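K.L.:
So here's target02.cif, just mmCIF, C-alpha atoms:
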data_entry
loop_
_atom_site.label_atom_id
_atom_site.label_comp_id
_atom_site.auth_asym_id
_atom_site.auth_seq_id
_atom_site.Cartn_x
_atom_site.Cartn_y
_atom_site.Cartn_z
CA MET Q 134 13.69 4.92 -16.30
CA SER Q 135 17.25 3.92 -17.12
CA GLU Q 136 18.60 5.25 -13.80
CA LYS Q 137 22.24 5.43 -14.69
CA THR Q 138 24.53 7.71 -12.74
CA LEU Q 139 26.59 10.18 -14.69
CA THR Q 140 29.75 11.75 -13.29
CA ARG Q 141 32.24 14.47 -14.17
CA MET Q 142 33.71 12.02 -16.65
CA ASP Q 143 30.50 11.88 -18.68
CA LEU Q 144 30.27 15.67 -18.73
CA SER Q 145 33.87 16.06 -19.91
CA GLU Q 146 33.26 13.34 -22.51
CA ALA Q 147 30.34 15.42 -23.83
CA VAL Q 148 32.56 18.52 -23.97
CA PHE Q 149 35.26 16.45 -25.70
CA ARG Q 150 32.76 15.32 -28.37
CA GLU Q 151 31.25 18.79 -28.82
CA VAL Q 152 34.46 20.83 -29.09
CA GLY Q 153 37.74 19.52 -30.48
CA LEU Q 154 39.72 19.74 -27.24
CA SER Q 155 41.76 17.04 -25.54
CA ARG Q 156 40.05 14.86 -22.94
CA ASN Q 157 42.33 16.34 -20.32
CA GLU Q 158 41.45 19.92 -21.17
CA SER Q 159 37.74 19.05 -21.40
CA ALA Q 160 37.91 17.66 -17.88
CA GLN Q 161 39.66 20.79 -16.62
CA LEU Q 162 36.99 23.01 -18.15
CA VAL Q 163 34.19 21.04 -16.48
CA GLU Q 164 36.04 21.49 -13.20
CA SER Q 165 36.45 25.25 -13.81
CA VAL Q 166 32.72 25.65 -14.41
CA LEU Q 167 31.87 23.84 -11.15
CA ASP Q 168 34.57 25.82 -9.30
CA HIS Q 169 33.26 29.19 -10.47
CA ILE Q 170 29.72 28.29 -9.46
CA SER Q 171 30.96 27.08 -6.04
CA ASP Q 172 33.13 30.18 -5.51
CA SER Q 173 30.27 32.48 -6.31
CA LEU Q 174 27.96 30.67 -3.87
CA ALA Q 175 30.62 30.47 -1.15
CA GLY Q 176 31.00 34.25 -1.56
CA GLY Q 177 27.30 34.65 -0.88
CA GLU Q 178 26.29 35.35 -4.47
CA SER Q 179 23.53 33.37 -6.19
CA VAL Q 180 24.06 31.82 -9.61
CA LYS Q 181 21.40 32.12 -12.26
CA ILE Q 182 21.78 30.00 -15.37
CA SER Q 183 19.04 30.85 -17.85
CA SER Q 184 16.99 27.88 -19.09
CA PHE Q 185 18.75 25.67 -16.51
CA GLY Q 186 17.98 26.99 -13.06
CA THR Q 187 19.01 29.17 -10.14
CA PHE Q 188 21.32 28.26 -7.26
CA GLY Q 189 20.47 30.45 -4.30
CA ILE Q 190 21.52 30.75 -0.69
CA ARG Q 191 19.27 30.85 2.34
CA ASP Q 192 20.21 31.75 5.87
CA LYS Q 193 18.74 29.43 8.46
CA ALA Q 194 18.27 30.65 12.00
CA ALA Q 195 19.62 28.81 15.02
CA ARG Q 196 17.23 26.33 16.61
CA ILE Q 197 17.13 23.57 19.16
CA GLY Q 198 17.41 20.17 17.56
CA ARG Q 199 16.99 16.79 19.15
CA ASN Q 200 19.02 13.64 18.76
CA PRO Q 201 16.30 11.25 17.57
CA LYS Q 202 18.03 8.27 19.16
CA THR Q 203 18.75 9.64 22.63
CA GLY Q 204 16.13 12.40 22.80
CA GLU Q 205 18.92 14.73 23.88
CA GLU Q 206 18.57 18.41 22.97
CA VAL Q 207 21.35 19.83 20.82
CA PRO Q 208 21.72 23.41 19.69
CA ILE Q 209 21.83 23.82 15.89
CA GLN Q 210 23.93 26.82 14.90
CA PRO Q 211 22.66 29.34 12.35
CA ARG Q 212 23.79 28.15 8.94
CA ARG Q 213 23.61 28.73 5.24
CA VAL Q 214 21.98 26.29 2.89
CA LEU Q 215 21.92 26.05 -0.87
CA THR Q 216 18.66 25.87 -2.76
CA PHE Q 217 18.31 24.96 -6.41
CA ARG Q 218 15.29 26.15 -8.31
CA PRO Q 219 14.99 24.45 -11.71
CA SER Q 220 13.92 26.57 -14.69
CA HIS Q 221 10.55 25.94 -16.35
CA LEU Q 222 12.40 24.51 -19.31
CA MET Q 223 14.21 21.96 -17.13
CA LYS Q 224 11.00 21.03 -15.29
CA ASP Q 225 9.14 20.54 -18.57
CA ARG Q 226 11.88 18.47 -20.18
CA VAL Q 227 12.30 16.27 -17.11
CA ALA Q 228 8.53 15.82 -16.75
CA ASN Q 229 8.06 14.97 -20.44
CA GLY Q 230 11.09 12.69 -20.67
CA ASN Q 231 9.94 10.57 -17.73
CA LYS Q 232 6.27 10.31 -18.62
CA GLN Q 233 4.50 6.94 -18.18
CA LYS Q 234 7.53 4.74 -17.63
CA MET S 89 26.43 35.51 -11.38
CA ILE S 90 24.55 34.70 -14.57
CA ARG S 91 25.33 32.39 -17.47
CA SER S 92 27.08 35.08 -19.57
CA GLU S 93 29.31 36.10 -16.64
CA LEU S 94 30.28 32.48 -16.07
CA ILE S 95 31.18 32.17 -19.76
CA GLN S 96 33.24 35.36 -19.53
CA LYS S 97 35.20 34.09 -16.52
CA ILE S 98 36.05 30.83 -18.28
CA ALA S 99 37.00 32.77 -21.44
CA ASP S 100 39.31 35.07 -19.45
CA GLU S 101 41.10 32.06 -17.97
CA ASN S 102 41.49 30.39 -21.36
CA PRO S 103 42.70 33.06 -23.80
CA HIS S 104 43.65 30.34 -26.30
CA LEU S 105 39.98 29.40 -26.80
CA TYR S 106 37.51 31.20 -29.01
CA GLN S 107 34.68 32.84 -27.09
CA ARG S 108 32.14 30.87 -29.13
CA ASP S 109 33.82 27.60 -28.14
CA VAL S 110 33.70 28.59 -24.46
CA GLU S 111 29.98 29.24 -24.93
CA ARG S 112 29.53 25.80 -26.47
CA ILE S 113 31.49 24.17 -23.66
CA VAL S 114 29.46 25.79 -20.91
CA ASN S 115 26.17 25.17 -22.71
CA THR S 116 27.09 21.52 -23.35
CA ILE S 117 27.65 20.91 -19.64
CA PHE S 118 24.22 22.22 -18.65
CA GLU S 119 22.53 20.56 -21.63
CA GLU S 120 24.07 17.20 -20.74
CA ILE S 121 22.72 17.45 -17.19
CA ILE S 122 19.19 18.21 -18.42
CA GLU S 123 19.34 15.39 -20.98
CA ALA S 124 20.47 12.91 -18.33
CA MET S 125 17.59 13.84 -16.04
CA SER S 126 15.14 13.68 -18.96
CA ARG S 127 16.16 10.02 -19.35
CA GLY S 128 15.66 9.50 -15.63
CA ASP S 129 19.40 9.37 -14.91
CA ARG S 130 21.27 10.97 -12.00
CA VAL S 131 24.27 13.25 -12.32
CA GLU S 132 26.59 13.01 -9.35
CA LEU S 133 29.31 15.63 -9.06
CA ARG S 134 31.31 14.83 -5.93
CA GLY S 135 31.97 17.82 -3.72
CA PHE S 136 29.47 19.91 -5.66
CA GLY S 137 26.19 18.05 -5.52
CA ALA S 138 23.90 15.60 -7.28
CA PHE S 139 21.05 16.18 -9.73
CA SER S 140 18.33 13.54 -9.66
CA VAL S 141 14.71 13.01 -10.61
CA LYS S 142 11.99 12.55 -8.03
CA LYS S 143 8.65 10.96 -8.69
CA ARG S 144 5.52 12.69 -7.47
CA ASN S 145 2.61 10.29 -7.19
CA ALA S 146 -0.75 10.97 -8.74
CA ARG S 147 -3.08 12.66 -6.28
CA ALA S 148 -6.47 14.26 -6.01
CA GLY S 149 -5.89 18.00 -6.16
CA ARG S 150 -8.35 20.74 -5.57
CA ASN S 151 -9.01 23.92 -7.49
CA PRO S 152 -8.38 26.48 -4.75
CA ARG S 153 -10.85 28.91 -6.25
CA THR S 154 -13.84 26.68 -6.85
CA GLY S 155 -13.06 23.88 -4.38
CA GLU S 156 -13.60 21.45 -7.22
CA SER S 157 -11.67 18.17 -7.04
CA VAL S 158 -9.28 17.47 -9.93
CA ALA S 159 -7.09 14.46 -10.68
CA VAL S 160 -3.37 15.39 -10.74
CA GLU S 161 -1.29 12.92 -12.76
CA GLU S 162 1.93 11.33 -11.59
CA LYS S 163 4.90 13.48 -12.56
CA HIS S 164 8.67 13.67 -12.31
CA VAL S 165 10.53 16.71 -10.99
CA PRO S 166 14.22 17.68 -10.98
CA PHE S 167 15.99 17.69 -7.62
CA PHE S 168 19.41 18.92 -6.48
CA LYS S 169 21.19 17.84 -3.32
CA THR S 170 24.18 19.93 -2.26
CA GLY S 171 27.47 18.09 -1.86
CA LYS S 172 29.21 17.99 1.50
CA LEU S 173 32.22 20.02 0.45
CA LEU S 174 30.13 22.84 -1.01
CA ARG S 175 27.78 22.80 2.00
CA ASP S 176 30.79 23.20 4.29
CA ARG S 177 32.21 25.99 2.14
CA LEU S 178 28.96 27.93 2.37
CA ASN S 179 29.43 27.89 6.11
CA GLY S 180 33.04 28.99 5.99
CA LYS S 181 34.54 25.63 6.89
#
Would it be possible to restate this file's structure as structure tokens?

P.N.:
Amino acid sequence: MSEKTLTRMDLSEAVFREVGLSRNESAQLVESVLDHISDSLAGGESVKISSFGTFGIRDKAARIGRNPKTGEEVPIQPRRVLTFRPSHLMKDRVANGNKQK
Amino acid sequence: MIRSELIQKIADENPHLYQRDVERIVNTIFEEIIEAMSRGDRVELRGFGAFSVKKRNARAGRNPRTGESVAVEEKHVPFFKTGKLLRDRLNGK
């Protein structure tokens, strides 16, 4: 595995190469895509990107947690968490690409 | 929201772009993430989250119907960890 870390910059560079826009505008478009996905999720709506995966929201009930260091009981408020379910295509490509390395 | 609705929203905000270019832009972003993970790379998008690859070790599985033991090979699976900012936004912070 090469184990590099890509960032927004690499995504906007890919957009820059693919479509003839300025680097600046490419970066803004990457940001817009992430913003729209975030807004949708923050509004309680799931986001389903075909052949990529589904971002969904789950409501977690309140429970009593424990501080592992002190053993003290702390209430954990009900909260919302994000789940990502990769598409079959993504799972297959990731599995195949990383085989026997 | 689905992929086509996302593309439409971006197109509406950028009337100077052709619809087909907006499609290419959105598709490129998702494609780039999948390609990175296929190479074993991580994609870290601060405030949003990080896509990474997790290794699942080989194990002895069992056919639930017959009870027969089968060897399951080592494999790699995609994983997403939500960023702090987005996690807070989900909870109205």

K.L.:
Return as JSON lines the residues of chain S lying at most 7 Å from chain Q, together with the closest atom-to-atom pair for each and the distance in Å to one decimal, counting only C-alpha atoms, with rows in chain order and ascending residue number.

P.N.:
{"residue": "S:Met89", "atom": "CA", "partner": "Q:Val180", "partner_atom": "CA", "distance": 4.7}
{"residue": "S:Ile90", "atom": "CA", "partner": "Q:Lys181", "partner_atom": "CA", "distance": 4.7}
{"residue": "S:Arg91", "atom": "CA", "partner": "Q:Ile182", "partner_atom": "CA", "distance": 4.8}
{"residue": "S:Asp109", "atom": "CA", "partner": "Q:Val152", "partner_atom": "CA", "distance": 6.9}
{"residue": "S:Ile113", "atom": "CA", "partner": "Q:Val148", "partner_atom": "CA", "distance": 5.8}
{"residue": "S:Thr116", "atom": "CA", "partner": "Q:Val148", "partner_atom": "CA", "distance": 6.3}
{"residue": "S:Ile117", "atom": "CA", "partner": "Q:Leu144", "partner_atom": "CA", "distance": 5.9}
{"residue": "S:Phe118", "atom": "CA", "partner": "Q:Phe185", "partner_atom": "CA", "distance": 6.8}
{"residue": "S:Glu120", "atom": "CA", "partner": "Q:Leu144", "partner_atom": "CA", "distance": 6.7}
{"residue": "S:Ile122", "atom": "CA", "partner": "Q:Met223", "partner_atom": "CA", "distance": 6.4}
{"residue": "S:Met125", "atom": "CA", "partner": "Q:Val227", "partner_atom": "CA", "distance": 5.9}
{"residue": "S:Ser126", "atom": "CA", "partner": "Q:Val227", "partner_atom": "CA", "distance": 4.3}
{"residue": "S:Arg127", "atom": "CA", "partner": "Q:Gly230", "partner_atom": "CA", "distance": 5.9}
{"residue": "S:Gly128", "atom": "CA", "partner": "Q:Met134", "partner_atom": "CA", "distance": 5.0}
{"residue": "S:Asp129", "atom": "CA", "partner": "Q:Glu136", "partner_atom": "CA", "distance": 4.3}
{"residue": "S:Arg130", "atom": "CA", "partner": "Q:Thr138", "partner_atom": "CA", "distance": 4.7}
{"residue": "S:Val131", "atom": "CA", "partner": "Q:Leu139", "partner_atom": "CA", "distance": 4.5}
{"residue": "S:Glu132", "atom": "CA", "partner": "Q:Thr140", "partner_atom": "CA", "distance": 5.2}
{"residue": "S:Leu133", "atom": "CA", "partner": "Q:Thr140", "partner_atom": "CA", "distance": 5.8}
{"residue": "S:Lys163", "atom": "CA", "partner": "Q:Ala228", "partner_atom": "CA", "distance": 6.0}
{"residue": "S:His164", "atom": "CA", "partner": "Q:Ala228", "partner_atom": "CA", "distance": 4.9}
{"residue": "S:Val165", "atom": "CA", "partner": "Q:Lys224", "partner_atom": "CA", "distance": 6.1}
{"residue": "S:Pro166", "atom": "CA", "partner": "Q:Lys224", "partner_atom": "CA", "distance": 6.3}
{"residue": "S:Phe168", "atom": "CA", "partner": "Q:Phe217", "partner_atom": "CA", "distance": 6.1}
{"residue": "S:Thr170", "atom": "CA", "partner": "Q:Leu215", "partner_atom": "CA", "distance": 6.7}
{"residue": "S:Leu174", "atom": "CA", "partner": "Q:Ser171", "partner_atom": "CA", "distance": 6.6}
{"residue": "S:Arg175", "atom": "CA", "partner": "Q:Val214", "partner_atom": "CA", "distance": 6.8}
{"residue": "S:Arg177", "atom": "CA", "partner": "Q:Ala175", "partner_atom": "CA", "distance": 5.8}
{"residue": "S:Leu178", "atom": "CA", "partner": "Q:Ala175", "partner_atom": "CA", "distance": 4.6}
{"residue": "S:Asn179", "atom": "CA", "partner": "Q:Arg213", "partner_atom": "CA", "distance": 5.9}

K.L.:
Take the residues from that selection and put them in a file with C-alpha atoms, as a compact mmCIF listing (two decimals), in the coordinates of the input.

P.N.:
# COMPACT_ATOMS: atom_id res chain seq x y z
CA MET S 89 26.43 35.51 -11.38
CA ILE S 90 24.55 34.70 -14.57
CA ARG S 91 25.33 32.39 -17.47
CA ASP S 109 33.82 27.60 -28.14
CA ILE S 113 31.49 24.17 -23.66
CA THR S 116 27.09 21.52 -23.35
CA ILE S 117 27.65 20.91 -19.64
CA PHE S 118 24.22 22.22 -18.65
CA GLU S 120 24.07 17.20 -20.74
CA ILE S 122 19.19 18.21 -18.42
CA MET S 125 17.59 13.84 -16.04
CA SER S 126 15.14 13.68 -18.96
CA ARG S 127 16.16 10.02 -19.35
CA GLY S 128 15.66 9.50 -15.63
CA ASP S 129 19.40 9.37 -14.91
CA ARG S 130 21.27 10.97 -12.00
CA VAL S 131 24.27 13.25 -12.32
CA GLU S 132 26.59 13.01 -9.35
CA LEU S 133 29.31 15.63 -9.06
CA LYS S 163 4.90 13.48 -12.56
CA HIS S 164 8.67 13.67 -12.31
CA VAL S 165 10.53 16.71 -10.99
CA PRO S 166 14.22 17.68 -10.98
CA PHE S 168 19.41 18.92 -6.48
CA THR S 170 24.18 19.93 -2.26
CA LEU S 174 30.13 22.84 -1.01
CA ARG S 175 27.78 22.80 2.00
CA ARG S 177 32.21 25.99 2.14
CA LEU S 178 28.96 27.93 2.37
CA ASN S 179 29.43 27.89 6.11

K.L.:
Just how far from atom CA of S:Phe136 is atom CA of S:Asn102, in Å to one decimal?

P.N.:
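Computed distance, atom CA of S:Asn102 to atom CA of S:Phe136, equals 22.4 Å.
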
K.L.:
Using all atoms listed in the file, give me every residue within 10 Å of (35.5, 31.6, -17.6) in file coordinates, as a PyMOL selection string.

P.N.:
(chain Q and resi 162+165-166+169) or (chain S and resi 92-103+107+110-111+114)

K.L.:
Please indicate the distance in Å from atom CA of S:Gly135 to atom CA of S:Gly180, rounded to one decimal place.

P.N.:
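Calculated distance between atom CA of S:Gly135 and atom CA of S:Gly180 is 14.8 Å.
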
K.L.:
Rank nothing, just name the residue among S:Ala146, S:Ile121, S:Val141, S:Leu105 nearest to S:Val160, using all atoms listed in the file.

P.N.:
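The shortest atom-to-atom distance to S:Val160 comes from S:Ala146.
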